[in-house]
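The structure file coords30.json is reproduced below (JSON, C-alpha atoms).
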```json
[["chain", "number", "residue", "atom", "x", "y", "z"],
["A", 1483, "MET", "CA", 44.42, -124.42, -143.77],
["A", 1484, "LYS", "CA", 46.36, -121.48, -142.35],
["A", 1485, "PRO", "CA", 44.45, -118.19, -142.06],
["A", 1486, "SER", "CA", 44.95, -115.59, -144.79],
["A", 1487, "THR", "CA", 47.19, -112.62, -144.07],
["A", 1488, "LYS", "CA", 45.13, -110.31, -146.26],
["A", 1489, "GLY", "CA", 43.87, -107.45, -144.11],
["A", 1490, "VAL", "CA", 46.37, -108.32, -141.37],
["A", 1491, "VAL", "CA", 49.06, -105.65, -141.12],
["A", 1492, "ASP", "CA", 51.48, -103.83, -138.84],
["A", 1493, "VAL", "CA", 52.13, -100.24, -139.92],
["A", 1494, "VAL", "CA", 54.77, -97.76, -138.76],
["A", 1495, "PHE", "CA", 54.61, -94.15, -139.92],
["A", 1496, "CYS", "CA", 58.13, -92.71, -140.04],
["A", 1497, "LEU", "CA", 57.42, -89.01, -139.55],
["A", 1498, "ASP", "CA", 59.99, -86.32, -140.14],
["A", 1499, "ALA", "CA", 59.25, -84.03, -137.18],
["A", 1500, "SER", "CA", 61.69, -81.30, -138.15],
["A", 1501, "GLY", "CA", 60.62, -77.68, -137.97],
["A", 1502, "SER", "CA", 58.52, -77.42, -141.13],
["A", 1503, "MET", "CA", 56.60, -80.67, -140.83],
["A", 1504, "ALA", "CA", 53.64, -79.78, -138.59],
["A", 1505, "PRO", "CA", 51.19, -79.88, -141.56],
["A", 1506, "CYS", "CA", 52.30, -83.44, -142.36],
["A", 1507, "ILE", "CA", 51.73, -84.67, -138.83],
["A", 1508, "ASP", "CA", 48.28, -83.06, -138.84],
["A", 1509, "GLY", "CA", 47.53, -84.67, -142.21],
["A", 1510, "VAL", "CA", 48.39, -88.15, -140.99],
["A", 1511, "ARG", "CA", 46.35, -87.70, -137.83],
["A", 1512, "HIS", "CA", 43.25, -86.54, -139.70],
["A", 1513, "ASN", "CA", 43.45, -89.25, -142.36],
["A", 1514, "ILE", "CA", 44.32, -92.48, -140.51],
["A", 1515, "GLY", "CA", 40.77, -93.53, -141.37],
["A", 1516, "ALA", "CA", 41.54, -93.25, -145.09],
["A", 1517, "PHE", "CA", 44.25, -95.86, -144.70],
["A", 1518, "LEU", "CA", 41.92, -98.20, -142.82],
["A", 1519, "ASP", "CA", 39.19, -97.67, -145.42],
["A", 1520, "GLY", "CA", 41.62, -98.59, -148.17],
["A", 1521, "LEU", "CA", 42.66, -101.68, -146.27],
["A", 1522, "ALA", "CA", 38.98, -102.66, -145.97],
["A", 1523, "SER", "CA", 38.30, -102.45, -149.70],
["A", 1524, "ASP", "CA", 36.59, -105.82, -149.34],
["A", 1525, "ALA", "CA", 33.68, -105.20, -146.96],
["A", 1526, "ASN", "CA", 33.60, -108.88, -146.03],
["A", 1527, "ARG", "CA", 37.23, -109.01, -144.92],
["A", 1528, "ARG", "CA", 38.17, -108.66, -141.28],
["A", 1529, "ILE", "CA", 40.76, -105.95, -140.64],
["A", 1530, "ASP", "CA", 43.50, -106.67, -138.14],
["A", 1531, "CYS", "CA", 45.68, -103.56, -138.22],
["A", 1532, "ARG", "CA", 48.18, -102.38, -135.61],
["A", 1533, "ILE", "CA", 49.64, -98.90, -135.99],
["A", 1534, "ASP", "CA", 52.53, -96.99, -134.48],
["A", 1535, "TYR", "CA", 54.66, -94.05, -135.51],
["A", 1536, "LEU", "CA", 58.17, -92.73, -135.01],
["A", 1537, "ALA", "CA", 58.28, -88.94, -135.00],
["A", 1538, "HIS", "CA", 61.93, -87.95, -135.17],
["A", 1539, "CYS", "CA", 64.23, -84.95, -135.39],
["A", 1540, "CYS", "CA", 67.82, -84.18, -134.54],
["A", 1541, "SER", "CA", 70.30, -81.37, -134.14],
["A", 1542, "GLU", "CA", 72.00, -80.04, -137.26],
["A", 1543, "ASP", "CA", 75.35, -81.58, -136.29],
["A", 1544, "PHE", "CA", 73.63, -84.87, -135.33],
["A", 1545, "SER", "CA", 74.92, -84.67, -131.75],
["A", 1546, "SER", "CA", 71.41, -85.25, -130.40],
["A", 1547, "PHE", "CA", 68.37, -87.14, -131.65],
["A", 1548, "ARG", "CA", 64.74, -86.97, -130.55],
["A", 1549, "ALA", "CA", 62.42, -89.94, -131.03],
["A", 1550, "GLU", "CA", 58.76, -90.28, -130.09],
["A", 1551, "THR", "CA", 56.36, -93.17, -130.61],
["A", 1552, "LEU", "CA", 52.78, -93.67, -129.50],
["A", 1553, "ARG", "CA", 53.81, -94.86, -126.03],
["A", 1554, "THR", "CA", 57.51, -94.04, -125.64],
["A", 1555, "ARG", "CA", 59.79, -91.06, -125.99],
["A", 1556, "ASP", "CA", 63.56, -90.53, -126.22],
["A", 1557, "ILE", "CA", 65.30, -92.49, -123.47],
["A", 1558, "GLU", "CA", 62.25, -94.64, -122.82],
["A", 1559, "PHE", "CA", 62.06, -95.43, -126.54],
["A", 1560, "LEU", "CA", 65.74, -96.34, -126.72],
["A", 1561, "ASN", "CA", 65.50, -98.60, -123.67],
["A", 1562, "SER", "CA", 62.26, -100.24, -124.81],
["A", 1563, "MET", "CA", 63.67, -100.89, -128.27],
["A", 1564, "TYR", "CA", 67.34, -101.69, -127.64],
["A", 1565, "GLY", "CA", 67.76, -102.06, -123.89],
["A", 1566, "GLN", "CA", 68.73, -105.21, -122.00],
["A", 1567, "SER", "CA", 65.05, -105.92, -121.36],
["A", 1568, "PRO", "CA", 63.15, -104.85, -124.51],
["A", 1569, "LYS", "CA", 59.47, -104.04, -124.08],
["A", 1570, "PRO", "CA", 57.56, -105.05, -127.24],
["A", 1571, "GLU", "CA", 54.27, -104.38, -125.46],
["A", 1572, "ARG", "CA", 55.11, -100.64, -125.56],
["A", 1573, "PHE", "CA", 54.68, -100.59, -129.33],
["A", 1574, "PHE", "CA", 51.70, -100.69, -131.71],
["A", 1575, "SER", "CA", 48.01, -100.10, -131.09],
["A", 1576, "ALA", "CA", 44.92, -101.44, -132.83],
["A", 1577, "ASP", "CA", 42.97, -98.33, -131.76],
["A", 1578, "PRO", "CA", 43.08, -95.53, -134.37],
["A", 1579, "VAL", "CA", 41.62, -93.11, -131.82],
["A", 1580, "GLU", "CA", 44.64, -93.71, -129.58],
["A", 1581, "VAL", "CA", 46.96, -93.11, -132.53],
["A", 1582, "ARG", "CA", 45.23, -89.83, -133.44],
["A", 1583, "ARG", "CA", 45.38, -88.69, -129.83],
["A", 1584, "GLY", "CA", 49.09, -89.48, -129.64],
["A", 1585, "LEU", "CA", 49.84, -87.54, -132.81],
["A", 1586, "GLU", "CA", 48.14, -84.47, -131.34],
["A", 1587, "ASN", "CA", 51.03, -84.17, -128.89],
["A", 1588, "VAL", "CA", 53.87, -84.45, -131.41],
["A", 1589, "THR", "CA", 55.79, -81.20, -131.88],
["A", 1590, "ALA", "CA", 57.95, -80.37, -134.90],
["A", 1591, "PHE", "CA", 61.37, -78.77, -134.58],
["A", 1592, "GLY", "CA", 65.03, -79.25, -135.49],
["A", 1593, "ASP", "CA", 66.65, -81.12, -138.39],
["A", 1594, "GLU", "CA", 66.14, -84.68, -139.67],
["A", 1595, "ALA", "CA", 68.05, -87.93, -140.26],
["A", 1596, "ILE", "CA", 65.56, -89.93, -142.33],
["A", 1597, "LEU", "CA", 67.48, -93.16, -142.82],
["A", 1598, "VAL", "CA", 68.48, -93.42, -139.17],
["A", 1599, "ALA", "CA", 64.80, -93.15, -138.29],
["A", 1600, "LEU", "CA", 63.87, -95.67, -140.99],
["A", 1601, "ASP", "CA", 66.31, -98.16, -139.50],
["A", 1602, "MET", "CA", 64.67, -97.68, -136.11],
["A", 1603, "CYS", "CA", 61.26, -98.30, -137.68],
["A", 1604, "LEU", "CA", 62.52, -101.53, -139.21],
["A", 1605, "ASP", "CA", 63.54, -102.65, -135.71],
["A", 1606, "PHE", "CA", 60.01, -102.33, -134.31],
["A", 1607, "PRO", "CA", 58.63, -105.56, -132.76],
["A", 1608, "TRP", "CA", 56.61, -106.82, -135.75],
["A", 1609, "ARG", "CA", 54.31, -109.79, -135.60],
["A", 1610, "PRO", "CA", 55.80, -112.93, -137.23],
["A", 1611, "ARG", "CA", 56.39, -112.51, -140.94],
["A", 1612, "GLY", "CA", 54.12, -115.38, -141.98],
["A", 1613, "GLN", "CA", 51.20, -113.93, -140.01],
["A", 1614, "CYS", "CA", 50.92, -110.32, -141.21],
["A", 1615, "HIS", "CA", 52.13, -107.72, -143.69],
["A", 1616, "ARG", "CA", 54.70, -105.19, -142.53],
["A", 1617, "VAL", "CA", 54.52, -101.61, -143.78],
["A", 1618, "VAL", "CA", 56.70, -98.55, -143.18],
["A", 1619, "THR", "CA", 55.49, -95.23, -144.57],
["A", 1620, "VAL", "CA", 58.17, -92.51, -144.64],
["A", 1621, "LEU", "CA", 56.97, -88.90, -144.88],
["A", 1622, "THR", "CA", 59.41, -86.02, -145.29],
["A", 1623, "ASP", "CA", 59.74, -82.67, -147.06],
["A", 1624, "GLU", "CA", 63.55, -82.80, -147.17],
["A", 1625, "PRO", "CA", 65.78, -84.65, -149.68],
["A", 1626, "LEU", "CA", 68.24, -87.11, -148.20],
["A", 1627, "GLU", "CA", 71.15, -85.05, -149.46],
["A", 1628, "SER", "CA", 70.36, -82.13, -147.11],
["A", 1629, "ASN", "CA", 69.77, -84.28, -144.03],
["A", 1630, "ALA", "CA", 72.03, -84.15, -141.00],
["A", 1631, "ASN", "CA", 74.94, -86.59, -141.36],
["A", 1632, "ALA", "CA", 73.86, -87.12, -144.97],
["A", 1633, "LYS", "CA", 77.07, -88.82, -146.17],
["A", 1634, "THR", "CA", 76.90, -91.57, -143.55],
["A", 1635, "GLN", "CA", 73.20, -92.08, -144.22],
["A", 1636, "ARG", "CA", 73.72, -92.38, -147.99],
["A", 1637, "GLU", "CA", 76.37, -95.06, -147.41],
["A", 1638, "MET", "CA", 73.77, -97.17, -145.61],
["A", 1639, "VAL", "CA", 71.17, -97.27, -148.39],
["A", 1640, "GLY", "CA", 72.35, -100.68, -149.60],
["A", 1641, "PRO", "CA", 72.31, -102.34, -146.16],
["A", 1642, "LEU", "CA", 68.88, -100.80, -145.50],
["A", 1643, "ILE", "CA", 67.51, -102.27, -148.73],
["A", 1644, "ASP", "CA", 68.89, -105.67, -147.72],
["A", 1645, "LYS", "CA", 67.20, -105.31, -144.34],
["A", 1646, "ILE", "CA", 63.89, -104.31, -145.92],
["A", 1647, "HIS", "CA", 64.04, -107.42, -148.10],
["A", 1648, "ALA", "CA", 64.93, -109.72, -145.21],
["A", 1649, "LEU", "CA", 62.05, -108.40, -143.11],
["A", 1650, "GLY", "CA", 59.58, -108.45, -145.99],
["A", 1651, "VAL", "CA", 58.63, -104.81, -145.37],
["A", 1652, "MET", "CA", 56.56, -102.85, -147.87],
["A", 1653, "LEU", "CA", 58.13, -99.37, -147.99],
["A", 1654, "PHE", "CA", 56.09, -96.33, -149.04],
["A", 1655, "LEU", "CA", 58.16, -93.16, -149.34],
["A", 1656, "VAL", "CA", 56.69, -89.69, -149.82],
["A", 1657, "GLY", "CA", 59.19, -86.90, -150.25],
["A", 1658, "PRO", "CA", 60.89, -84.45, -152.62],
["A", 1659, "LYS", "CA", 63.23, -85.26, -155.50],
["A", 1660, "SER", "CA", 66.32, -87.03, -154.17],
["A", 1661, "ALA", "CA", 68.83, -89.38, -155.74],
["A", 1662, "GLY", "CA", 69.15, -91.14, -152.38],
["A", 1663, "PHE", "CA", 65.41, -91.73, -152.20],
["A", 1664, "ASP", "CA", 65.41, -92.99, -155.80],
["A", 1665, "GLU", "CA", 68.02, -95.55, -154.80],
["A", 1666, "LEU", "CA", 66.15, -96.55, -151.65],
["A", 1667, "ALA", "CA", 62.94, -97.02, -153.62],
["A", 1668, "GLU", "CA", 64.62, -99.78, -155.64],
["A", 1669, "ALA", "CA", 63.80, -102.12, -152.75],
["A", 1670, "ASP", "CA", 61.25, -104.77, -153.68],
["A", 1671, "LYS", "CA", 57.60, -103.78, -153.21],
["A", 1672, "SER", "CA", 58.61, -100.17, -152.51],
["A", 1673, "GLN", "CA", 56.87, -97.08, -153.86],
["A", 1674, "PHE", "CA", 58.21, -93.53, -153.97],
["A", 1675, "GLN", "CA", 55.75, -90.67, -154.47],
["A", 1676, "GLN", "CA", 57.75, -87.59, -155.32],
["A", 1677, "VAL", "CA", 56.39, -84.22, -154.23],
["A", 1678, "GLY", "CA", 57.31, -80.96, -155.92],
["A", 1679, "GLN", "CA", 57.87, -78.75, -152.90],
["A", 1680, "THR", "CA", 60.51, -78.83, -150.18],
["A", 1681, "HIS", "CA", 60.31, -77.31, -146.71],
["A", 1682, "ASP", "CA", 56.51, -77.02, -146.90],
["A", 1683, "GLY", "CA", 55.64, -79.85, -144.52],
["A", 1684, "LEU", "CA", 54.00, -81.73, -147.41],
["A", 1685, "GLY", "CA", 51.24, -79.16, -147.07],
["A", 1686, "SER", "CA", 50.18, -79.65, -150.71],
["A", 1687, "LEU", "CA", 49.83, -83.43, -150.36],
["A", 1688, "ASP", "CA", 46.40, -85.07, -150.52],
["A", 1689, "PHE", "CA", 46.92, -87.24, -147.46],
["A", 1690, "ALA", "CA", 43.54, -88.95, -147.71],
["A", 1691, "ARG", "CA", 44.27, -90.10, -151.25],
["A", 1692, "VAL", "CA", 47.83, -91.21, -150.47],
["A", 1693, "LEU", "CA", 46.88, -93.14, -147.35],
["A", 1694, "ALA", "CA", 43.91, -94.76, -149.08],
["A", 1695, "HIS", "CA", 46.26, -95.87, -151.90],
["A", 1696, "ILE", "CA", 48.65, -97.42, -149.38],
["A", 1697, "GLY", "CA", 45.79, -99.25, -147.70],
["A", 1698, "LYS", "CA", 44.57, -100.65, -151.02],
["A", 1699, "SER", "CA", 48.09, -101.73, -151.98],
["A", 1700, "VAL", "CA", 48.36, -103.72, -148.77],
["A", 1701, "SER", "CA", 44.89, -105.20, -149.16],
["A", 1702, "VAL", "CA", 45.79, -106.81, -152.51],
["A", 1703, "ALA", "CA", 49.31, -107.88, -151.53],
["A", 1704, "THR", "CA", 50.30, -111.52, -151.84],
["A", 1705, "ASN", "CA", 49.26, -113.82, -149.01],
["A", 1706, "LEU", "CA", 52.25, -114.45, -146.74],
["A", 1707, "GLN", "CA", 51.36, -117.92, -145.47],
["A", 1708, "GLY", "CA", 54.50, -119.92, -144.82],
["A", 1709, "GLU", "CA", 56.92, -116.98, -145.14],
["A", 1710, "ALA", "CA", 59.88, -117.72, -142.87],
["A", 1711, "GLU", "CA", 61.52, -115.15, -140.60],
["A", 1712, "LYS", "CA", 65.03, -114.15, -141.69],
["A", 1713, "PRO", "CA", 67.77, -112.87, -139.37],
["A", 1714, "VAL", "CA", 68.62, -109.18, -139.66],
["A", 1715, "LYS", "CA", 71.13, -106.87, -138.01],
["A", 1716, "ARG", "CA", 69.46, -104.38, -135.72],
["A", 1717, "ALA", "CA", 70.64, -100.79, -135.19],
["A", 1718, "LEU", "CA", 72.66, -100.35, -138.38],
["A", 1719, "PHE", "CA", 73.73, -96.88, -137.23],
["A", 1720, "GLY", "CA", 74.82, -98.10, -133.80],
["A", 1721, "GLN", "CA", 71.89, -96.46, -132.07],
["A", 1722, "ASN", "CA", 71.69, -99.33, -129.57],
["A", 1723, "ASN", "CA", 74.92, -97.93, -128.07],
["A", 1724, "TRP", "CA", 73.98, -94.25, -128.04],
["A", 1725, "GLN", "CA", 74.33, -92.45, -124.74],
["A", 1726, "ARG", "CA", 71.20, -91.49, -122.84],
["A", 1727, "GLY", "CA", 70.93, -87.84, -121.91],
["A", 1728, "SER", "CA", 68.55, -86.31, -119.38],
["A", 1729, "LYS", "CA", 66.08, -85.32, -122.12],
["A", 1730, "GLU", "CA", 67.55, -86.15, -125.50],
["A", 1731, "ILE", "CA", 69.41, -89.13, -126.90],
["A", 1732, "VAL", "CA", 72.90, -87.67, -127.16],
["A", 1733, "GLY", "CA", 76.05, -88.66, -128.98],
["A", 1734, "GLY", "CA", 74.17, -89.61, -132.14],
["A", 1735, "LYS", "CA", 77.19, -89.07, -134.36]]
```
What's the structure tokens form of this structure?
Amino acid sequence: MKPSTKGVVDVVFCLDASGSMAPCIDGVRHNIGAFLDGLASDANRRIDCRIDYLAHCCSEDFSSFRAETLRTRDIEFLNSMYGQSPKPERFFSADPVEVRRGLENVTAFGDEAILVALDMCLDFPWRPRGQCHRVVTVLTDEPLESNANAKTQREMVGPLIDKIHALGVMLFLVGPKSAGFDELAEADKSQFQQVGQTHDGLGSLDFARVLAHIGKSVSVATNLQGEAEKPVKRALFGQNNWQRGSKEIVGGK
């Protein structure tokens, strides 16, 4: 008998790191434990959870893009993810203390391009589909319609949903009212928690409750034994061909 995938999960937090979002980053850092507690709703179940994050921001005209994960940043991230010699070992950690420590160094500034960042999160080096659940949690205080390069992003909602389905990703989206987010949340197994405020860094959000809910949702998800990997197109926005600047990823548009 193949081992159960319940309690086995790879999680990527897609964090809008634009100027107003410092409270959100603090909330995630302080409440990672709430997610793990929710995942361990059965005290007799072993938890095998790997976590990473993508904190992202960009210039208003989308001519530059900043990306930071637990162990990579900007050019290093781009090369590790999309370079000629990808480095999957640079992603994910099973140590929540390491994740909290990494989040302490994330700074918030600039604008955001949520769906570009989501596509990058989908390209993370997940464990095989039949061996674990895959979760992306998107946190933002800005509707898609006011993002940088919003028109191009909105046009990619359909392909992103197809990619989410092919990868078997569970998408949890927390953000303000947005027709684009409503459309994105139509993906199978997706949940969209709408918040009332914009530009407040999700400061009114009960992060412990939200993260615990996500953990419990994963813990009761269907066992994935036998699920086959499906081919997907990486870098839907062409980010694998972006130029590398001295500090920032440039030429995003």
As an exercise, work out the distance from CA of Pro1641 (chain A) to CA of Ala1595 (chain A) in Å and give it to one decimal place.
16.1 Å
What is the CA of Leu1560 (chain A) to CA of Gln1725 (chain A) distance in Å?
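Atom-to-atom, CA of Leu1560 (chain A) and CA of Gln1725 (chain A) are spaced 9.6 Å apart.
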Can you pull out the residues contacting Glu1627 (chain A)? Cut-off 8 Å, using only C-alpha atoms, and skip same-chain residues under 5 positions away; I want them as an MDAnalysis selection string.
chainID A and resid 1632:1633 1636 1660:1662
Produce a file of the selected residues containing C-alpha atoms, as a compact mmCIF listing (two decimals), in the coordinates of the input.
```txt
# COMPACT_ATOMS: atom_id res chain seq x y z
CA ALA A 1632 73.86 -87.12 -144.97
CA LYS A 1633 77.07 -88.82 -146.17
CA ARG A 1636 73.72 -92.38 -147.99
CA SER A 1660 66.32 -87.03 -154.17
CA ALA A 1661 68.83 -89.38 -155.74
CA GLY A 1662 69.15 -91.14 -152.38
```
Tell me which of A:Asp1670, A:Glu1624, A:Asp1688, A:Asp1508 sits closest to Pro1658 (chain A), counting only C-alpha atoms.
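Nearest to Pro1658 (chain A): A:Glu1624.
Using all atoms listed in the file, the nearest neighbour of Thr1619 (chain A) within the list A:Ile1529, A:Phe1674, A:Thr1551, A:Lys1569 is A:Phe1674.
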Counting all atoms listed in the file, which residue out of A:Pro1578, A:Lys1712, A:Pro1610, A:Asp1498 sits closest to Asn1513 (chain A)?
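Among A:Pro1578, A:Lys1712, A:Pro1610, A:Asp1498, it is A:Pro1578 that comes nearest to Asn1513 (chain A).
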